[in-house]
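Raw query06.txt, compact mmCIF, C-alpha atoms:
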# COMPACT_ATOMS: atom_id res chain seq x y z
CA MET E 1 -156.77 -57.20 90.45
CA ALA E 2 -155.85 -56.95 94.12
CA THR E 3 -152.42 -58.28 95.07
CA LYS E 4 -152.57 -61.61 96.89
CA CYS E 5 -150.71 -61.60 100.19
CA GLU E 6 -148.64 -64.61 99.21
CA ASN E 7 -147.39 -62.61 96.19
CA CYS E 8 -146.84 -59.34 98.05
CA PRO E 9 -143.87 -57.55 96.42
CA LEU E 10 -142.74 -56.27 99.83
CA ARG E 11 -142.27 -59.70 101.39
CA GLY E 12 -138.85 -60.21 99.86
CA GLN E 13 -137.48 -56.79 100.82
CA SER E 14 -134.73 -56.63 103.43
CA LEU E 15 -136.59 -54.30 105.81
CA PHE E 16 -139.29 -56.83 106.64
CA LEU E 17 -139.27 -59.91 108.81
CA GLU E 18 -140.38 -63.15 107.19
CA PHE E 19 -143.78 -64.63 107.95
CA SER E 20 -145.16 -68.06 107.31
CA GLN E 21 -147.58 -69.26 104.66
CA GLU E 22 -150.15 -69.72 107.42
CA GLU E 23 -149.77 -66.06 108.37
CA ALA E 24 -150.03 -65.04 104.70
CA ASP E 25 -153.28 -67.03 104.41
CA PHE E 26 -154.66 -65.28 107.49
CA MET E 27 -153.72 -61.85 106.15
CA GLN E 28 -155.48 -62.68 102.88
CA ARG E 29 -158.67 -63.32 104.86
CA PHE E 30 -158.12 -60.16 106.94
CA LYS E 31 -157.63 -58.01 103.82
CA THR E 32 -160.85 -56.63 102.33
CA GLY E 33 -159.42 -55.07 99.18
CA GLU E 34 -157.08 -52.44 97.76
CA MET E 35 -157.44 -48.70 97.30
CA GLN E 36 -155.77 -46.37 94.82
CA ALA E 37 -155.06 -42.85 96.10
CA GLU E 38 -153.96 -39.82 94.12
CA PRO E 39 -151.59 -37.17 95.51
CA GLY E 40 -153.43 -34.97 98.00
CA THR E 41 -155.91 -37.66 99.06
CA HIS E 42 -156.58 -37.66 102.80
CA LEU E 43 -156.35 -41.27 103.90
CA LEU E 44 -156.95 -40.58 107.58
CA THR E 45 -157.98 -37.34 109.29
CA GLN E 46 -156.99 -36.04 112.70
CA GLY E 47 -159.81 -36.28 115.24
CA GLU E 48 -161.96 -38.56 113.09
CA LYS E 49 -162.84 -42.22 113.26
CA SER E 50 -162.07 -44.59 110.41
CA PRO E 51 -163.66 -47.96 109.70
CA GLN E 52 -160.51 -49.02 107.84
CA LEU E 53 -156.86 -49.79 108.43
CA PHE E 54 -154.27 -49.64 105.66
CA THR E 55 -150.87 -50.97 104.68
CA ALA E 56 -149.03 -48.87 102.12
CA LEU E 57 -148.22 -51.25 99.27
CA SER E 58 -146.61 -48.61 97.04
CA GLY E 59 -146.16 -44.86 96.99
CA MET E 60 -145.45 -42.36 99.76
CA GLY E 61 -147.43 -40.12 102.05
CA LEU E 62 -147.16 -37.69 104.93
CA LYS E 63 -148.28 -37.87 108.56
CA TYR E 64 -148.94 -34.52 110.19
CA LYS E 65 -150.67 -32.92 113.15
CA MET E 66 -152.45 -29.57 112.96
CA LEU E 67 -152.23 -27.29 115.98
CA SER E 68 -154.87 -24.85 117.20
CA ASP E 69 -153.02 -21.85 115.75
CA GLY E 70 -153.06 -23.40 112.28
CA SER E 71 -149.41 -24.48 112.28
CA ARG E 72 -148.43 -27.96 111.16
CA GLN E 73 -146.07 -30.51 112.69
CA VAL E 74 -144.99 -33.31 110.36
CA VAL E 75 -144.71 -36.46 112.49
CA GLY E 76 -143.66 -38.97 109.86
CA PHE E 77 -143.16 -39.90 106.23
CA VAL E 78 -145.24 -42.82 104.96
CA MET E 79 -143.37 -45.42 102.93
CA PRO E 80 -144.23 -48.86 101.54
CA GLY E 81 -144.95 -51.37 104.29
CA ASP E 82 -146.24 -48.81 106.81
CA PHE E 83 -149.37 -49.84 108.73
CA LEU E 84 -151.79 -46.92 109.03
CA GLY E 85 -154.83 -46.25 111.21
CA LEU E 86 -153.93 -48.25 114.31
CA GLN E 87 -154.62 -45.21 116.51
CA ALA E 88 -158.22 -45.09 115.31
CA GLY E 89 -158.46 -48.86 115.56
CA VAL E 90 -157.47 -48.88 119.23
CA MET E 91 -158.30 -45.39 120.55
CA GLY E 92 -161.36 -44.59 118.45
CA GLU E 93 -159.97 -41.61 116.54
CA MET E 94 -156.81 -40.43 114.85
CA GLY E 95 -154.35 -38.14 116.61
CA HIS E 96 -152.89 -37.02 113.27
CA SER E 97 -153.76 -36.94 109.57
CA VAL E 98 -152.28 -39.01 106.75
CA GLU E 99 -152.16 -37.67 103.20
CA ALA E 100 -150.91 -39.26 99.98
CA VAL E 101 -147.99 -37.36 98.43
CA THR E 102 -147.62 -39.61 95.38
CA ASP E 103 -149.96 -42.08 93.73
CA MET E 104 -150.42 -44.81 96.31
CA THR E 105 -151.77 -48.35 96.43
CA LEU E 106 -152.98 -49.44 99.86
CA CYS E 107 -154.12 -52.77 101.23
CA VAL E 108 -157.40 -52.22 103.08
CA PHE E 109 -158.48 -53.99 106.27
CA ASN E 110 -161.69 -53.75 108.26
CA ARG E 111 -160.95 -52.12 111.61
CA ALA E 112 -163.40 -54.43 113.39
CA GLY E 113 -161.37 -57.41 112.19
CA ILE E 114 -158.34 -56.38 114.21
CA TRP E 115 -159.74 -58.28 117.20
CA ASP E 116 -159.41 -61.48 115.19
CA LEU E 117 -155.66 -60.96 115.30
CA PHE E 118 -155.70 -61.23 119.07
CA THR E 119 -158.29 -63.98 119.40
CA SER E 120 -157.21 -66.34 116.64
CA HIS E 121 -153.71 -65.44 115.45
CA PRO E 122 -151.37 -64.30 118.24
CA GLU E 123 -148.33 -64.21 115.92
CA ARG E 124 -149.98 -61.53 113.81
CA ALA E 125 -151.18 -59.71 116.95
CA PHE E 126 -147.59 -59.63 118.17
CA ALA E 127 -146.56 -58.23 114.78
CA VAL E 128 -148.96 -55.29 115.32
CA ALA E 129 -147.53 -54.73 118.81
CA HIS E 130 -144.02 -54.93 117.33
CA LEU E 131 -144.89 -52.22 114.80
CA ALA E 132 -146.23 -49.99 117.58
CA ALA E 133 -142.96 -50.47 119.48
CA VAL E 134 -140.92 -49.63 116.37
CA GLU E 135 -142.96 -46.45 115.92
CA GLU E 136 -142.45 -45.48 119.57
CA HIS E 137 -138.70 -46.07 119.26
CA PHE E 138 -138.51 -43.94 116.13
CA LEU E 139 -140.48 -41.09 117.71
CA GLY E 140 -138.07 -41.11 120.66
CA ASP E 141 -135.12 -40.82 118.27
CA ALA E 142 -136.90 -38.09 116.30
CA LEU E 143 -137.67 -36.08 119.45
CA ALA E 144 -134.02 -36.31 120.52
CA ALA E 145 -132.88 -35.18 117.06
CA VAL E 146 -135.32 -32.26 116.92
CA GLY E 147 -134.63 -31.17 120.48
CA GLN E 148 -130.88 -31.61 120.77
CA ARG E 149 -129.13 -31.65 117.39
CA PRO E 150 -128.01 -28.56 115.46
CA ALA E 151 -129.80 -27.96 112.17
CA TYR E 152 -127.07 -29.42 109.94
CA GLU E 153 -127.09 -32.69 111.89
CA LYS E 154 -130.90 -32.80 112.10
CA ILE E 155 -131.20 -32.77 108.34
CA ALA E 156 -128.39 -35.31 107.92
CA TRP E 157 -130.11 -37.59 110.46
CA ALA E 158 -133.51 -37.30 108.76
CA ILE E 159 -132.20 -37.93 105.25
CA ALA E 160 -129.99 -40.83 106.36
CA ARG E 161 -133.00 -42.48 108.04
CA PHE E 162 -135.14 -41.86 104.98
CA TYR E 163 -132.57 -43.31 102.60
CA ARG E 164 -132.05 -46.44 104.69
CA ARG E 165 -135.82 -46.96 104.81
CA ALA E 166 -136.02 -46.52 101.04
CA GLU E 167 -133.15 -48.96 100.59
CA GLY E 168 -134.87 -51.55 102.77
CA THR E 169 -138.10 -51.38 100.77
CA GLY E 170 -136.39 -51.66 97.39
CA LEU E 171 -136.79 -47.97 96.47
CA GLY E 172 -133.19 -47.03 97.18
CA ARG E 173 -130.64 -48.34 94.67
CA LYS E 174 -127.09 -47.31 93.82
CA ASN E 175 -127.19 -44.48 96.36
CA ALA E 176 -130.32 -42.92 94.84
CA ALA E 177 -133.99 -42.91 95.87
CA PRO E 178 -137.17 -41.01 95.01
CA LEU E 179 -137.79 -38.17 97.46
CA PRO E 180 -141.18 -36.65 96.57
CA PHE E 181 -141.52 -34.52 99.71
CA THR E 182 -140.86 -30.78 99.80
CA GLN E 183 -138.24 -28.88 101.75
CA GLN E 184 -141.18 -27.39 103.69
CA ASP E 185 -142.20 -30.91 104.74
CA PHE E 186 -138.71 -31.54 106.12
CA ALA E 187 -138.67 -28.11 107.78
CA ASP E 188 -142.00 -28.88 109.46
CA ALA E 189 -140.74 -32.27 110.61
CA LEU E 190 -137.54 -30.88 112.13
CA GLY E 191 -138.79 -27.64 113.66
CA LEU E 192 -136.80 -25.46 111.26
CA SER E 193 -137.70 -22.55 109.02
CA LEU E 194 -137.81 -23.17 105.29
CA VAL E 195 -134.97 -20.69 104.74
CA HIS E 196 -132.75 -22.42 107.31
CA THR E 197 -133.57 -25.84 105.86
CA ASN E 198 -132.67 -24.64 102.37
CA LYS E 199 -129.33 -23.26 103.61
CA GLN E 200 -128.40 -26.51 105.35
CA LEU E 201 -129.30 -28.61 102.32
CA ALA E 202 -127.20 -26.29 100.15
CA LYS E 203 -124.30 -26.81 102.57
CA LEU E 204 -124.68 -30.60 102.34
CA ARG E 205 -124.70 -30.32 98.57
CA LYS E 206 -121.67 -28.02 98.51
CA ASN E 207 -119.76 -30.43 100.78
CA GLY E 208 -120.40 -33.29 98.36
CA VAL E 209 -122.64 -35.27 100.74
CA LEU E 210 -125.91 -35.37 98.80
CA SER E 211 -128.05 -33.73 96.17
CA TRP E 212 -131.83 -33.43 96.08
CA GLN E 213 -133.54 -32.16 92.96
CA GLN E 214 -136.74 -32.80 91.02
CA GLY E 215 -138.02 -35.37 93.49
CA SER E 216 -134.86 -37.47 93.48
CA LEU E 217 -132.27 -37.92 96.24
CA THR E 218 -128.68 -38.93 95.48
CA ILE E 219 -126.27 -39.78 98.29
CA HIS E 220 -122.71 -39.00 97.20
CA ASP E 221 -121.05 -39.88 100.52
CA LEU E 222 -123.16 -42.16 102.72
CA GLU E 223 -120.36 -42.63 105.25
CA LYS E 224 -120.07 -38.87 105.74
CA LEU E 225 -123.85 -38.49 105.92
CA GLU E 226 -124.09 -41.07 108.70
CA GLU E 227 -121.11 -39.51 110.49
CA LEU E 228 -122.99 -36.20 110.50
CA ALA E 229 -126.14 -38.01 111.65
CA GLY E 230 -124.19 -39.36 114.62
CA GLU E 231 -125.10 -42.98 113.94
CA GLU E 232 -125.16 -45.74 111.39
CA SER E 233 -128.72 -45.43 110.24
CA HIS E 234 -129.50 -49.08 109.49
CA VAL E 235 -133.16 -49.36 110.35
CA ARG E 236 -134.59 -52.14 112.47
CA LYS E 237 -136.33 -55.00 110.70
CA ARG E 238 -140.07 -54.91 111.20
CA PRO E 239 -143.09 -57.11 110.56
CA LEU E 240 -145.20 -56.64 107.47
CA VAL E 241 -148.92 -56.52 108.19
Please express the file's structure as structure tokens.
Amino acid sequence: MATKCENCPLRGQSLFLEFSQEEADFMQRFKTGEMQAEPGTHLLTQGEKSPQLFTALSGMGLKYKMLSDGSRQVVGFVMPGDFLGLQAGVMGEMGHSVEAVTDMTLCVFNRAGIWDLFTSHPERAFAVAHLAAVEEHFLGDALAAVGQRPAYEKIAWAIARFYRRAEGTGLGRKNAAPLPFTQQDFADALGLSLVHTNKQLAKLRKNGVLSWQQGSLTIHDLEKLEELAGEESHVRKRPLV
């Protein structure tokens, strides 16, 4: 049975802004169903059109862009509450691919229905614009981290952001969260070699900041992690679409 929008388990999580019963009713009409995806499933493919938009209801995935020489740039980690496919919905095709890393459940929306947001429900249309602004803000922060921070701080910044996101969606509890991505994924996201990434993670572990093993992240010293990241990594509240 598909999850009804009024009973969405993400609505009560601290990361997301509240929305009214009227908005929940509209989203129920906008939603066309749910999809289950196994690890390795390509949800969206770079350069291709998609008739569907998605919201990740549970599970995690990876956003990445393939370059002409065959190298890969990870551009984001998909977590519950993320709205996927807006590029194809607005620009006609995807600029990156999205792949499931764990089992995922996704709310499915018809791309053609996105215009109804703007014509009949401006509050929800603003929510979509808000999400696009949040994504732009994050990419600016990520570019600054990749371009200007030393490797040790890059990794601290990325893991602090990830943990705060996990915490805000209910996945992070008592300083622990699932972390199903590989060290290669983080290396590709941060412009580092796998060897260098491994060395910096080992240094963080040796210094008692965190441990990451068998798909699980434990933060031993969150204050120190955020000090290394150069910021308190509380993430901005965002709409849930």
Using all atoms listed in the file, which residues sit within 10 Å of Arg29 of chain E once same-chain residues fewer than 6 positions away are excluded, as a ChimeraX atom specification? /E:5,23,109,113
May I have the protein, DNA and RNA residues with any atom at most 10 Å from the point (-124.1, -37.7, 95.8), counting only C-alpha atoms, written as a PyMOL selection string? chain E and resi 175-176+204-205+207-212+217-222
So, with only C-alpha atoms as the atoms that count, which of E:Thr3, E:Gln148, E:Ser14, E:Ser216 lies closest to Glu167 of chain E?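 Smallest distance to Glu167 of chain E is found for E:Ser14.
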Do you know which residues are at most 7 Å from Ala229 of chain E counting only C-alpha atoms, after dropping those on the same chain fewer than 3 positions away, and could you put them as a list of chain:residue names? E:Glu153, E:Ala156, E:Trp157, E:Leu225, E:Glu226
Around the point (-154.9, -52.1, 99.7) in the file's coordinates, collect all residues with an atom within 9 Å, using all atoms listed in the file, and return them as a ChimeraX atom specification. /E:2-3,31-36,54-57,105-109
